[in-house]
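Pasted below: structure23.txt, compact mmCIF, C-alpha atoms.
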# COMPACT_ATOMS: atom_id res chain seq x y z
CA MET I 1 20.63 -62.10 37.32
CA LEU I 2 20.03 -61.92 33.58
CA VAL I 3 21.95 -59.79 31.10
CA PRO I 4 20.71 -60.96 27.70
CA ASP I 5 22.90 -60.83 24.63
CA LEU I 6 21.00 -58.20 22.64
CA PRO I 7 19.51 -58.04 20.13
CA LEU I 8 17.33 -61.12 20.38
CA ARG I 9 15.95 -62.65 17.20
CA THR I 10 12.70 -64.53 16.77
CA ASP I 11 11.32 -65.95 13.53
CA ARG I 12 10.05 -62.57 12.34
CA LEU I 13 11.25 -59.98 14.86
CA LEU I 14 14.25 -58.30 16.34
CA LEU I 15 14.03 -57.42 20.05
CA ARG I 16 16.61 -54.80 20.89
CA ALA I 17 17.46 -52.11 23.38
CA PHE I 18 15.85 -48.75 22.78
CA THR I 19 18.01 -45.95 21.36
CA SER I 20 17.60 -42.18 21.32
CA ALA I 21 16.56 -42.49 17.65
CA ASP I 22 13.34 -44.29 18.75
CA LEU I 23 11.61 -41.19 20.13
CA ASP I 24 9.33 -40.49 17.15
CA ALA I 25 8.33 -44.14 16.72
CA LEU I 26 7.62 -44.59 20.44
CA HIS I 27 5.59 -41.38 20.51
CA ALA I 28 3.68 -42.48 17.37
CA TYR I 29 1.98 -45.36 19.19
CA ARG I 30 2.12 -44.34 22.86
CA SER I 31 0.41 -41.02 22.03
CA ARG I 32 -2.72 -42.72 20.71
CA PRO I 33 -5.79 -42.88 22.99
CA GLU I 34 -6.77 -46.33 21.67
CA VAL I 35 -3.34 -47.66 22.66
CA THR I 36 -3.32 -46.24 26.18
CA ARG I 37 -7.01 -46.83 26.92
CA PHE I 38 -6.29 -49.80 29.21
CA LEU I 39 -2.83 -48.70 30.41
CA TYR I 40 -2.02 -46.80 33.58
CA HIS I 41 -0.88 -43.71 31.71
CA ASP I 42 -2.59 -41.23 29.42
CA PRO I 43 -1.47 -40.75 25.82
CA TYR I 44 2.09 -39.45 25.78
CA ASP I 45 2.93 -35.98 24.68
CA GLU I 46 6.47 -35.53 23.40
CA ALA I 47 7.90 -34.81 26.86
CA ALA I 48 6.30 -37.95 28.34
CA ALA I 49 7.56 -40.01 25.41
CA ARG I 50 11.08 -38.65 25.95
CA THR I 51 10.94 -39.54 29.67
CA ALA I 52 9.61 -43.03 28.91
CA LEU I 53 12.30 -43.56 26.28
CA GLU I 54 15.08 -42.62 28.71
CA ARG I 55 13.66 -45.04 31.28
CA ALA I 56 13.38 -47.81 28.66
CA ARG I 57 16.96 -47.24 27.49
CA GLY I 58 18.14 -48.16 31.00
CA ARG I 59 16.11 -51.38 31.11
CA THR I 60 18.41 -53.85 29.40
CA ALA I 61 19.15 -56.32 32.20
CA LEU I 62 17.56 -57.95 35.24
CA ARG I 63 20.18 -57.59 37.97
CA GLU I 64 17.89 -57.57 41.02
CA PRO I 65 14.20 -57.83 41.87
CA GLY I 66 12.36 -54.72 40.80
CA ASP I 67 14.32 -54.45 37.54
CA ALA I 68 12.60 -54.58 34.16
CA LEU I 69 13.81 -55.62 30.75
CA ASN I 70 12.12 -53.32 28.20
CA LEU I 71 12.85 -54.12 24.57
CA ALA I 72 11.85 -52.53 21.29
CA ILE I 73 9.95 -54.79 18.88
CA VAL I 74 11.44 -54.17 15.44
CA LEU I 75 10.70 -55.56 11.98
CA PRO I 76 14.16 -56.63 10.79
CA GLU I 77 13.49 -56.16 7.09
CA THR I 78 12.57 -52.47 7.49
CA GLY I 79 14.01 -51.54 10.89
CA GLU I 80 10.59 -50.20 11.88
CA LEU I 81 9.84 -50.03 15.62
CA VAL I 82 6.31 -51.42 16.04
CA GLY I 83 5.98 -51.81 19.81
CA ASP I 84 7.67 -52.86 23.00
CA VAL I 85 7.70 -55.78 25.38
CA LEU I 86 8.64 -55.97 29.06
CA LEU I 87 9.71 -58.56 31.60
CA PHE I 88 9.66 -57.46 35.24
CA TRP I 89 11.52 -59.42 37.91
CA THR I 90 9.08 -59.11 40.79
CA SER I 91 10.55 -61.49 43.39
CA ALA I 92 13.81 -63.42 43.80
CA GLU I 93 12.58 -65.34 46.85
CA HIS I 94 9.46 -66.55 45.07
CA ARG I 95 11.12 -66.60 41.61
CA GLN I 96 8.36 -64.56 40.02
CA GLY I 97 8.05 -62.16 37.11
CA GLU I 98 5.52 -60.31 35.01
CA ILE I 99 5.25 -59.62 31.29
CA GLY I 100 3.73 -56.67 29.47
CA TYR I 101 3.56 -55.37 25.93
CA VAL I 102 2.31 -52.54 23.75
CA LEU I 103 1.94 -52.58 19.96
CA HIS I 104 1.29 -49.91 17.35
CA PRO I 105 -2.30 -50.43 16.09
CA ASP I 106 -1.12 -50.57 12.47
CA HIS I 107 0.57 -53.89 13.30
CA VAL I 108 -2.14 -55.60 15.35
CA GLY I 109 -3.37 -59.01 14.25
CA ARG I 110 -0.07 -60.35 12.91
CA GLY I 111 1.05 -62.23 16.02
CA TYR I 112 3.99 -59.90 16.73
CA VAL I 113 3.13 -59.38 20.41
CA THR I 114 2.65 -63.11 20.99
CA GLU I 115 5.99 -63.85 19.33
CA ALA I 116 7.85 -61.16 21.29
CA ALA I 117 6.21 -62.07 24.61
CA ARG I 118 7.01 -65.76 24.06
CA GLU I 119 10.69 -64.84 23.77
CA LEU I 120 10.51 -62.95 27.08
CA LEU I 121 8.82 -65.94 28.72
CA ARG I 122 11.75 -68.02 27.48
CA LEU I 123 14.18 -65.55 29.01
CA GLY I 124 12.28 -65.50 32.28
CA PHE I 125 12.05 -69.26 32.66
CA ASP I 126 15.24 -70.44 30.96
CA GLY I 127 17.50 -67.44 31.55
CA LEU I 128 16.44 -66.12 34.95
CA GLY I 129 15.08 -69.38 36.37
CA LEU I 130 11.67 -67.99 37.29
CA HIS I 131 9.04 -70.32 38.71
CA ARG I 132 5.98 -68.23 37.73
CA ILE I 133 5.27 -65.38 35.33
CA VAL I 134 2.04 -63.39 35.34
CA GLY I 135 0.30 -61.03 32.97
CA ARG I 136 -2.08 -58.48 34.48
CA LEU I 137 -4.61 -56.50 32.46
CA ASP I 138 -7.73 -54.41 32.56
CA ALA I 139 -10.61 -56.88 32.31
CA ARG I 140 -12.04 -54.96 29.32
CA ASN I 141 -8.88 -55.59 27.27
CA ALA I 142 -10.04 -58.69 25.38
CA ALA I 143 -7.23 -58.46 22.81
CA SER I 144 -4.56 -58.64 25.49
CA ALA I 145 -6.34 -61.57 27.15
CA ARG I 146 -6.22 -63.45 23.83
CA VAL I 147 -2.45 -62.87 23.64
CA LEU I 148 -1.92 -64.34 27.10
CA GLU I 149 -4.12 -67.32 26.25
CA ARG I 150 -2.15 -67.94 23.03
CA LEU I 151 0.98 -67.97 25.19
CA GLY I 152 -0.52 -70.83 27.20
CA MET I 153 -1.18 -68.72 30.27
CA ARG I 154 -4.18 -69.57 32.41
CA ARG I 155 -6.66 -67.08 33.80
CA GLU I 156 -6.26 -67.21 37.58
CA ALA I 157 -8.21 -64.27 38.92
CA HIS I 158 -10.74 -61.59 38.12
CA LEU I 159 -10.47 -58.84 40.71
CA LEU I 160 -13.53 -56.61 40.84
CA GLU I 161 -12.94 -52.86 40.97
CA ASN I 162 -9.56 -53.32 42.61
CA GLU I 163 -7.87 -50.28 41.07
CA PHE I 164 -8.87 -46.67 40.52
CA VAL I 165 -7.40 -45.81 37.12
CA LYS I 166 -7.99 -42.64 35.10
CA GLY I 167 -10.91 -41.59 37.27
CA GLU I 168 -12.79 -44.90 37.38
CA TRP I 169 -12.79 -48.18 39.25
CA THR I 170 -11.52 -50.95 37.00
CA ASP I 171 -11.47 -54.72 37.17
CA GLU I 172 -8.15 -56.52 36.80
CA VAL I 173 -7.62 -59.98 35.34
CA VAL I 174 -4.52 -62.01 36.18
CA TYR I 175 -3.08 -64.73 33.97
CA ALA I 176 -0.12 -66.93 34.94
CA LEU I 177 2.19 -69.64 33.69
CA LEU I 178 4.42 -71.92 35.76
CA ASP I 179 7.86 -73.09 34.72
CA ARG I 180 6.70 -76.73 34.56
CA GLU I 181 3.78 -75.72 32.30
CA TRP I 182 6.18 -73.81 30.04
CA ARG I 183 8.44 -76.84 29.78
CA ALA I 184 5.55 -79.27 29.17
CA ALA I 185 4.21 -77.09 26.34
CA ALA I 186 7.66 -76.92 24.71
CA ILE I 187 7.91 -80.70 24.33
Just give me the structure as structure tokens.
Amino acid sequence: MLVPDLPLRTDRLLLRAFTSADLDALHAYRSRPEVTRFLYHDPYDEAAARTALERARGRTALREPGDALNLAIVLPETGELVGDVLLFWTSAEHRQGEIGYVLHPDHVGRGYVTEAARELLRLGFDGLGLHRIVGRLDARNAASARVLERLGMRREAHLLENEFVKGEWTDEVVYALLDREWRAAAI
């Protein structure tokens, strides 16, 4: 079980629980076709953003497998919400998890996602005691692959046309990092 002491601070970011005041900011990036192109959902209308926000507000702890920690990525100097990051606890028996992230396009290229995701890897390995954390993505999403590589994750699989998403067969790429690799890189 992991109930982090929120908010979390990194060198440049604040990772905090979502609040009801985040609706407009969440909608601002999750409503954009270029943001959702490689995600499982279509661009959010206001109702979908409201539903997603309510779900995210309840994702502040990992109490049992199947839970997700979903945190807002905020610039501390302005308070601006620029994206979100997730850690899913996928298996207690096998001590496994998965990370995910979404960033507003106006803030791409500054390393924010890498910094936020690195903090969730730390929580997963050091806080929850996971053995392995994966990142799964649409094979066409080169930017996301670069993030996972910067995190030290290794590409383990390229699954051909394994999912039917938004009316088309898509390839999935899987990256992973083991606890011992995380620890070796931290030295």
Can you tell me which residues surround region 93-96 of chain I at a distance of at most 6 Å, considering all atoms listed in the file, apart from same-chain residues fewer than 4 positions away, and format the answer as a PyMOL selection string? chain I and resi 130-133
Neighbours of Arg37 (chain I) within 12 Å (only C-alpha atoms; same-chain residues fewer than 6 positions away dropped), as a ChimeraX atom specification? /I:29-31,43-44,102,137-141,165-166,170
I need the residue nearest Glu172 (chain I) from this list: I:Gly100, I:Leu148, I:Gly135, I:Ala47. Use all atoms listed in the file for the distance. I:Gly135
Would you compute an axis-aligned box for region 27-46 of chain I, covering every atom listed for it in the file with 8 Å of margin on each side, and report centre and edge lengths in Å to one decimal as lines of an AutoDock Vina configuration file?
center_x = -0.3
center_y = -42.7
center_z = 25.5
size_x = 29.5
size_y = 30.3
size_z = 32.2
Can you pull out every residue within 10 Å of Val147 (chain I), counting all atoms listed in the file, but drop anything in the same chain fewer than 2 positions away, and send it as a list in words?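 In the requested format, the answer is Tyr101, Gly111, Tyr112, Val113, Thr114, Glu115, Ala117, Arg118, Gly135, Ala142, Ala143, Ser144, Ala145, Glu149, Arg150, Leu151, Gly152 and Met153 of chain I.
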Please measure the separation of CA of Gly97 (chain I) and CA of Asp42 (chain I), giving the value in Å to one decimal. 24.7 Å
Could you tell me how far CA of Leu75 (chain I) sits from CA of Thr60 (chain I), in Å to one decimal place? 19.1 Å
Please, what distance in Å, to one decimal, runs between CA of Asp126 (chain I) and CA of Tyr175 (chain I)?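 We find that CA of Asp126 (chain I) and CA of Tyr175 (chain I) lie 19.4 Å from each other.
Considering all atoms listed in the file, the residue among I:Ala48, I:Met1, I:Leu160, I:Ala21 positioned nearest to Ser91 (chain I) is I:Met1.
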With all atoms listed in the file as the counted atoms, please give the residues lying no more than 8 Å from region 7-20 of chain I, apart from itself and same-chain residues fewer than 6 positions off, as a PyMOL selection string. chain I and resi 53-54+56-57+59-60+70-76+112+115-116+119
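Counting all atoms listed in the file, the residue from I:Val174, I:Glu77, I:Arg55, I:Ala49 that sits nearest to Glu98 (chain I) is I:Val174.
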Which is closest to Asp67 (chain I) among I:Pro33, I:Gly127, I:Thr90, I:Val82, if we use only C-alpha atoms?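 Comparing I:Pro33, I:Gly127, I:Thr90, I:Val82 against Asp67 (chain I), the winner is I:Thr90.
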